[in-house]
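Have a look at protein-v3.pdb; it's PDB, C-alpha atoms, pLDDT in the B column:
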ATOM      1  CA  ASP A 164     -18.956 -15.545  54.665  1.00 44.00           C
ATOM      2  CA  GLY A 165     -17.557 -18.223  56.982  1.00 47.00           C
ATOM      3  CA  VAL A 166     -20.208 -20.711  55.919  1.00 51.00           C
ATOM      4  CA  ASP A 167     -19.541 -20.216  52.198  1.00 52.00           C
ATOM      5  CA  GLY A 168     -15.791 -20.550  52.735  1.00 52.00           C
ATOM      6  CA  GLU A 169     -16.303 -23.831  54.565  1.00 54.00           C
ATOM      7  CA  ASN A 170     -18.541 -25.189  51.782  1.00 54.00           C
ATOM      8  CA  GLU A 171     -15.968 -24.202  49.163  1.00 55.00           C
ATOM      9  CA  LYS A 172     -13.262 -26.074  51.095  1.00 57.00           C
ATOM     10  CA  VAL A 173     -15.410 -29.205  51.248  1.00 57.00           C
ATOM     11  CA  ASP A 174     -16.063 -28.982  47.508  1.00 75.00           C
ATOM     12  CA  ASP A 175     -12.322 -28.665  46.776  1.00 71.00           C
ATOM     13  CA  ASP A 176     -11.624 -31.680  48.982  1.00 75.00           C
ATOM     14  CA  ASP A 177     -14.345 -33.674  47.210  1.00 83.00           C
ATOM     15  CA  VAL A 178     -12.879 -32.843  43.806  1.00 81.00           C
ATOM     16  CA  TYR A 179      -9.376 -33.784  44.994  1.00 79.00           C
ATOM     17  CA  GLU A 180     -10.550 -37.113  46.421  1.00 84.00           C
ATOM     18  CA  PHE A 181     -12.509 -37.901  43.262  1.00 87.00           C
ATOM     19  CA  GLY A 182      -9.478 -37.115  41.119  1.00 79.00           C
ATOM     20  CA  MET A 183      -7.243 -39.348  43.236  1.00 79.00           C
ATOM     21  CA  LYS A 184      -9.730 -42.218  42.992  1.00 85.00           C
ATOM     22  CA  CYS A 185      -9.853 -41.824  39.205  1.00 83.00           C
ATOM     23  CA  LEU A 186      -6.060 -41.805  38.927  1.00 78.00           C
ATOM     24  CA  LYS A 187      -5.801 -44.931  41.051  1.00 78.00           C
ATOM     25  CA  LYS A 188      -8.366 -46.703  38.877  1.00 83.00           C
ATOM     26  CA  LEU A 189      -6.466 -45.716  35.728  1.00 79.00           C
ATOM     27  CA  CYS A 190      -3.284 -47.083  37.259  1.00 76.00           C
ATOM     28  CA  VAL A 191      -4.991 -50.408  37.906  1.00 79.00           C
ATOM     29  CA  ALA A 192      -6.645 -50.558  34.477  1.00 84.00           C
ATOM     30  CA  PHE A 193      -3.505 -49.922  32.408  1.00 79.00           C
ATOM     31  CA  GLU A 194      -0.112 -51.547  32.413  1.00 73.00           C
ATOM     32  CA  GLY A 195       2.526 -49.833  34.508  1.00 72.00           C
ATOM     33  CA  ARG A 196       4.744 -49.005  31.538  1.00 75.00           C
ATOM     34  CA  LYS A 197       1.927 -47.208  29.707  1.00 80.00           C
ATOM     35  CA  VAL A 198       0.946 -45.202  32.780  1.00 80.00           C
ATOM     36  CA  VAL A 199       4.517 -44.130  33.503  1.00 81.00           C
ATOM     37  CA  ASP A 200       5.146 -43.067  29.902  1.00 83.00           C
ATOM     38  CA  ALA A 201       1.896 -41.100  29.650  1.00 84.00           C
ATOM     39  CA  CYS A 202       2.353 -39.424  33.020  1.00 83.00           C
ATOM     40  CA  TYR A 203       5.955 -38.505  32.287  1.00 85.00           C
ATOM     41  CA  GLU A 204       4.885 -36.765  29.090  1.00 87.00           C
ATOM     42  CA  LEU A 205       2.072 -34.906  30.868  1.00 86.00           C
ATOM     43  CA  LEU A 206       4.347 -33.850  33.699  1.00 88.00           C
ATOM     44  CA  MET A 207       7.009 -32.441  31.410  1.00 87.00           C
ATOM     45  CA  LYS A 208       4.690 -30.681  28.958  1.00 88.00           C
ATOM     46  CA  HIS A 209       1.870 -29.380  31.127  1.00 87.00           C
ATOM     47  CA  TYR A 210       2.327 -29.592  34.858  1.00 89.00           C
ATOM     48  CA  LEU A 211       5.821 -28.944  36.146  1.00 87.00           C
ATOM     49  CA  ASP A 212       6.557 -25.981  33.840  1.00 88.00           C
ATOM     50  CA  SER A 213       3.230 -24.281  34.507  1.00 89.00           C
ATOM     51  CA  ALA A 214       3.133 -20.750  35.887  1.00 92.00           C
ATOM     52  CA  GLU A 215       0.140 -21.733  38.042  1.00 93.00           C
ATOM     53  CA  TRP A 216       0.933 -23.261  41.408  1.00 91.00           C
ATOM     54  CA  LYS A 217      -2.179 -25.463  41.265  1.00 88.00           C
ATOM     55  CA  MET A 218      -0.926 -27.123  38.091  1.00 89.00           C
ATOM     56  CA  ARG A 219       2.512 -27.738  39.625  1.00 91.00           C
ATOM     57  CA  HIS A 220       0.847 -29.148  42.749  1.00 89.00           C
ATOM     58  CA  ALA A 221      -1.278 -31.454  40.589  1.00 86.00           C
ATOM     59  CA  GLY A 222       1.874 -32.604  38.815  1.00 88.00           C
ATOM     60  CA  ILE A 223       3.632 -33.401  42.071  1.00 89.00           C
ATOM     61  CA  THR A 224       0.554 -35.264  43.292  1.00 86.00           C
ATOM     62  CA  LEU A 225       0.467 -37.254  40.046  1.00 83.00           C
ATOM     63  CA  LEU A 226       4.168 -38.044  40.397  1.00 85.00           C
ATOM     64  CA  SER A 227       3.718 -39.259  43.972  1.00 85.00           C
ATOM     65  CA  LEU A 228       0.826 -41.507  42.989  1.00 81.00           C
ATOM     66  CA  ILE A 229       2.618 -43.171  40.096  1.00 81.00           C
ATOM     67  CA  ALA A 230       5.779 -43.491  42.200  1.00 81.00           C
ATOM     68  CA  LYS A 231       3.779 -45.384  44.793  1.00 79.00           C
ATOM     69  CA  GLU A 232       2.010 -47.617  42.274  1.00 75.00           C
ATOM     70  CA  PHE A 233       4.798 -48.117  39.719  1.00 76.00           C
ATOM     71  CA  SER A 234       8.168 -47.557  41.363  1.00 75.00           C
ATOM     72  CA  ASP A 235       9.850 -50.411  39.444  1.00 74.00           C
ATOM     73  CA  GLU A 236       8.650 -49.126  36.084  1.00 70.00           C
ATOM     74  CA  MET A 237       9.762 -45.596  36.912  1.00 67.00           C
ATOM     75  CA  VAL A 238      13.295 -46.713  37.753  1.00 68.00           C
ATOM     76  CA  THR A 239      13.692 -48.470  34.410  1.00 66.00           C
ATOM     77  CA  SER A 240      12.203 -45.646  32.330  1.00 57.00           C
ATOM     78  CA  LEU A 241      13.751 -42.600  33.992  1.00 55.00           C
TER      79      LEU A 241
END
In structure tokens, how does this file's structure come out?
Amino acid sequence: DGVDGENEKVDDDDVYEFGMKCLKKLCVAFEGRKVVDACYELLMKHYLDSAEWKMRHAGITLLSLIAKEFSDEMVTSL
């Protein structure tokens, strides 16, 4: 059981890291204004109001990433 649990943890970490890399690439590929607007809509409709803690955690992670990449755009839009 311990071995399977360790493999599952590695897989979750791999998925998380892959997701973060994809988000960072999207942030680079699109203009800051577009990213902030799209993320704000996703956060409000799907992530922060979710009953599932994993969805709320994903929303907070998304918010922290866009805050780091686009802090100026966030101040003007929010």
A:Glu236 environment, 12 Å, only C-alpha atoms, sequence neighbours closer than 4 positions dropped, as number ranges by chain = A: 194-200, 202-203, 229-232, 240-241
note = Between A:Asp175, A:Glu180, A:Glu204, A:Asp235, smallest distance to A:Gly222 by all atoms listed in the file belongs to A:Glu204
task = Please measure the separation of atom CA of A:Met207 and atom CA of A:Arg219, giving the value in Å to one decimal.
result = 10.5 Å
request  = Just the residues within 9 Å of A:Tyr210, please, counting all atoms listed in the file, with nothing from its chain fewer than 4 positions along; format it as a list of chain:residue names.
outcome  =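 Listed by chain and then number, they are A:Leu205, A:Leu206, A:Ala214, A:Glu215, A:Lys217, A:Met218, A:Arg219, A:His220, A:Ala221, A:Gly222, A:Ile223.
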Just C-alpha atoms for this one: save the residues we selected as a short mmCIF file (atom, residue, chain, number, x, y, z; two decimals), in the frame of the given file.
data_model
loop_
_atom_site.label_atom_id
_atom_site.label_comp_id
_atom_site.auth_asym_id
_atom_site.auth_seq_id
_atom_site.Cartn_x
_atom_site.Cartn_y
_atom_site.Cartn_z
CA LEU A 205 2.07 -34.91 30.87
CA LEU A 206 4.35 -33.85 33.70
CA ALA A 214 3.13 -20.75 35.89
CA GLU A 215 0.14 -21.73 38.04
CA LYS A 217 -2.18 -25.46 41.26
CA MET A 218 -0.93 -27.12 38.09
CA ARG A 219 2.51 -27.74 39.62
CA HIS A 220 0.85 -29.15 42.75
CA ALA A 221 -1.28 -31.45 40.59
CA GLY A 222 1.87 -32.60 38.82
CA ILE A 223 3.63 -33.40 42.07
#
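The space separating atom CA of A:Leu211 from atom CA of A:Leu226 comes to 10.2 Å.
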